[in-house]
Every structure is written in structure tokens, then in C-alpha cells.
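Here is the structure we will look at.
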Amino acid sequence: MATRPRVESPDSARSERTIERTEHPHIVRDSGIASGRPIIEGSRIRVELIAGFHLSGTDPGEILATYPHLKPAAVYDAISYYLDHQDEIDRAVEASIPQDVRDRYGLEVEGAKIVSRDP
């Protein structure tokens, strides 16, 4: 019985994971998480998610109740990061929802908040 040759990828072909610190102490960009978009360090929680909660009127205490593993300072830092980088985060949210999905479900993006066009 013939065996198949073993194919190994060279080490140089493997991509290395990079973590970039931001000017906000709890916010990083990790190339291995969320395609490098800003997240709360030590989690997979994207800043755009926290921004969406914030814009919809969710109190930081409610966010912490939903994600009890996060520290209050990290949630407030995510909101602060959003306020310092609104254009970047708003574009990321808008790009994350294809136009056909928005049309089908009657959605609009207002800042980092997704709202229904239908009452």
C-alpha cells in the first residue's frame, strides 16, 4: 500500500500574531482576534460592541452585568476609545453589515448603533 507524501508548510509561510497597544490602557489590536479591530485587552470584546451599547443608552453597569469578567475601567476605556475614534469605529460597524442585509431587514447604521427603519 502506497503512502501519501507528507506536505509541511514552511515556517516562513505561517503568519505571526501581533498585538498592538493603543493610547488607551485597556484597548489593544490583536491580529488574531476580530481581524485586528480594537478590543478590550484579555477578551474578544470589540470596542464597536461596547460603543453600540453606549449609543443605545445602555448604562456601563448593565454592560458589566452582561460581561461580568470585564473590569469597569476597561468598559469606560472602550467608551473613551470610541469617543476618540468615532469615525474609525462607525466605518467598521457600517462595513460589517452588508447593504443587502440592511435592506432586507430595514436596518440603518447611525454611528456605531444599528437601528430599524421600521417603527
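So you can find residues: chains in the C-alpha cells are A, B, ... in the order shown, residues in each start at 1, and ligands are numbered from 1 in order.
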Write out, as a tab-separated table, each residue of range 77-98 of chain A that has an atom at most 8 Å from range 20-44 of chain A, together with the closest pair of atoms and their distance in Å to one decimal, counting only C-alpha atoms, rows going by chain and rising number.
```
residue	atom	partner	partner_atom	distance
A:Asp77	CA	A:His26	CA	6.3
A:Ala78	CA	A:Ile27	CA	6.7
A:Tyr81	CA	A:His24	CA	6.7
```
Could you dump the residues just selected with C-alpha atoms as a PDB file, in the first residue's frame?
```
ATOM      1  CA  ASP A  77     -11.914  52.899  28.383  1.00  0.00           C
ATOM      2  CA  ALA A  78     -13.713  51.252  25.453  1.00  0.00           C
ATOM      3  CA  TYR A  81     -11.668  54.920  22.778  1.00  0.00           C
TER       4      TYR A  81
END
```
(message) For Leu64 in chain A, find every residue with an atom within 12 Å (counting only C-alpha atoms), except residues of its own chain fewer than 5 positions away, and show them as JSON, numbers by chain.
(response) {"A": [45, 50, 53, 54, 58, 59, 69, 70, 71, 72, 73, 74, 75, 76]}
(message) Neighbouring residues of Tyr105 in chain A were defined as those with any atom within 12 Å, considering only C-alpha atoms; residues of the same chain fewer than 2 positions away were excluded. Please report them as a list of chain:residue names.
(response) A:Ile97, A:Pro98, A:Gln99, A:Asp100, A:Val101, A:Arg102, A:Asp103, A:Leu107, A:Glu108, A:Ile114, A:Val115, A:Ser116, A:Arg117, A:Asp118
Could those selected residues go to a file with N, CA and C atoms, as a PDB file, in the first residue's frame?
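Result file follows (again_38.pdb):
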```
ATOM      1  N   ILE A  97     -21.984  45.249   8.117  1.00  0.00           N
ATOM      2  CA  ILE A  97     -23.346  44.835   7.755  1.00  0.00           C
ATOM      3  C   ILE A  97     -23.543  45.087   6.262  1.00  0.00           C
ATOM      4  N   PRO A  98     -23.556  44.036   5.454  1.00  0.00           N
ATOM      5  CA  PRO A  98     -23.726  44.210   4.008  1.00  0.00           C
ATOM      6  C   PRO A  98     -25.025  44.953   3.676  1.00  0.00           C
ATOM      7  N   GLN A  99     -24.991  45.734   2.599  1.00  0.00           N
ATOM      8  CA  GLN A  99     -26.148  46.531   2.201  1.00  0.00           C
ATOM      9  C   GLN A  99     -27.384  45.672   1.976  1.00  0.00           C
ATOM     10  N   ASP A 100     -27.247  44.488   1.384  1.00  0.00           N
ATOM     11  CA  ASP A 100     -28.429  43.659   1.131  1.00  0.00           C
ATOM     12  C   ASP A 100     -29.084  43.210   2.442  1.00  0.00           C
ATOM     13  N   VAL A 101     -28.286  42.985   3.482  1.00  0.00           N
ATOM     14  CA  VAL A 101     -28.839  42.613   4.790  1.00  0.00           C
ATOM     15  C   VAL A 101     -29.563  43.814   5.395  1.00  0.00           C
ATOM     16  N   ARG A 102     -28.967  44.994   5.262  1.00  0.00           N
ATOM     17  CA  ARG A 102     -29.629  46.205   5.767  1.00  0.00           C
ATOM     18  C   ARG A 102     -30.967  46.417   5.083  1.00  0.00           C
ATOM     19  N   ASP A 103     -30.979  46.238   3.763  1.00  0.00           N
ATOM     20  CA  ASP A 103     -32.220  46.423   3.002  1.00  0.00           C
ATOM     21  C   ASP A 103     -33.267  45.382   3.383  1.00  0.00           C
ATOM     22  N   LEU A 107     -32.633  47.912   8.185  1.00  0.00           N
ATOM     23  CA  LEU A 107     -31.684  48.424   9.176  1.00  0.00           C
ATOM     24  C   LEU A 107     -30.930  49.629   8.645  1.00  0.00           C
ATOM     25  N   GLU A 108     -30.565  50.499   9.555  1.00  0.00           N
ATOM     26  CA  GLU A 108     -29.684  51.618   9.247  1.00  0.00           C
ATOM     27  C   GLU A 108     -28.601  51.664  10.306  1.00  0.00           C
ATOM     28  N   ILE A 114     -26.946  50.250  15.419  1.00  0.00           N
ATOM     29  CA  ILE A 114     -27.765  49.691  14.343  1.00  0.00           C
ATOM     30  C   ILE A 114     -29.218  49.883  14.739  1.00  0.00           C
ATOM     31  N   VAL A 115     -29.990  50.544  13.893  1.00  0.00           N
ATOM     32  CA  VAL A 115     -31.393  50.815  14.207  1.00  0.00           C
ATOM     33  C   VAL A 115     -32.288  50.320  13.079  1.00  0.00           C
ATOM     34  N   SER A 116     -33.532  50.050  13.419  1.00  0.00           N
ATOM     35  CA  SER A 116     -34.516  49.608  12.438  1.00  0.00           C
ATOM     36  C   SER A 116     -35.185  50.828  11.825  1.00  0.00           C
ATOM     37  N   ARG A 117     -35.348  50.813  10.498  1.00  0.00           N
ATOM     38  CA  ARG A 117     -36.063  51.897   9.828  1.00  0.00           C
ATOM     39  C   ARG A 117     -37.554  51.801  10.070  1.00  0.00           C
ATOM     40  N   ASP A 118     -38.026  50.591  10.355  1.00  0.00           N
ATOM     41  CA  ASP A 118     -39.447  50.365  10.577  1.00  0.00           C
ATOM     42  C   ASP A 118     -39.779  50.585  12.047  1.00  0.00           C
TER      43      ASP A 118
END
```
(message) Using DSSP secondary structure from the backbone, list all strand (DSSP E or B) positions within chain A, as JSON, numbers by chain.
(response) {"A": [19, 20, 21, 27, 28, 29, 30, 38, 39, 40, 46, 107, 108, 109, 110, 113, 114, 115, 116]}
Residues from last step as file, N, CA and C atoms, as a short mmCIF file (atom, residue, chain, number, x, y, z; two decimals), in the first residue's frame:
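So out.cif came out as:
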```
data_model
loop_
_atom_site.label_atom_id
_atom_site.label_comp_id
_atom_site.auth_asym_id
_atom_site.auth_seq_id
_atom_site.Cartn_x
_atom_site.Cartn_y
_atom_site.Cartn_z
N ILE A 19 0.23 41.92 18.58
CA ILE A 19 -0.63 42.68 19.47
C ILE A 19 -0.09 44.10 19.51
N GLU A 20 -0.95 45.04 19.15
CA GLU A 20 -0.56 46.44 19.13
C GLU A 20 -1.28 47.17 20.26
N ARG A 21 -0.53 47.82 21.11
CA ARG A 21 -1.11 48.61 22.18
C ARG A 21 -1.63 49.92 21.59
N ILE A 27 -7.21 48.92 25.76
CA ILE A 27 -7.60 48.63 24.38
C ILE A 27 -6.37 48.25 23.57
N VAL A 28 -6.47 47.12 22.86
CA VAL A 28 -5.39 46.64 22.00
C VAL A 28 -5.97 46.23 20.65
N ARG A 29 -5.08 46.03 19.71
CA ARG A 29 -5.42 45.43 18.41
C ARG A 29 -4.62 44.14 18.33
N ASP A 30 -5.31 43.04 18.23
CA ASP A 30 -4.68 41.72 18.17
C ASP A 30 -4.99 41.13 16.80
N PRO A 38 -10.00 47.06 17.20
CA PRO A 38 -9.74 47.30 18.63
C PRO A 38 -10.66 46.48 19.54
N ILE A 39 -10.04 45.87 20.54
CA ILE A 39 -10.76 45.03 21.52
C ILE A 39 -10.31 45.40 22.93
N ILE A 40 -11.08 44.96 23.91
CA ILE A 40 -10.67 45.10 25.30
C ILE A 40 -9.61 44.03 25.56
N ARG A 46 -15.12 43.50 21.20
CA ARG A 46 -14.73 44.61 20.34
C ARG A 46 -15.23 45.95 20.89
N LEU A 107 -32.63 47.91 8.18
CA LEU A 107 -31.68 48.42 9.18
C LEU A 107 -30.93 49.63 8.65
N GLU A 108 -30.57 50.50 9.56
CA GLU A 108 -29.68 51.62 9.25
C GLU A 108 -28.60 51.66 10.31
N VAL A 109 -27.47 52.23 9.94
CA VAL A 109 -26.38 52.39 10.89
C VAL A 109 -26.30 53.87 11.23
N GLU A 110 -26.44 54.18 12.51
CA GLU A 110 -26.29 55.55 13.00
C GLU A 110 -25.13 55.54 13.97
N LYS A 113 -24.33 52.46 16.15
CA LYS A 113 -25.61 51.87 16.57
C LYS A 113 -26.38 51.43 15.35
N ILE A 114 -26.95 50.25 15.42
CA ILE A 114 -27.77 49.69 14.34
C ILE A 114 -29.22 49.88 14.74
N VAL A 115 -29.99 50.54 13.89
CA VAL A 115 -31.39 50.81 14.21
C VAL A 115 -32.29 50.32 13.08
N SER A 116 -33.53 50.05 13.42
CA SER A 116 -34.52 49.61 12.44
C SER A 116 -35.19 50.83 11.83
#
```
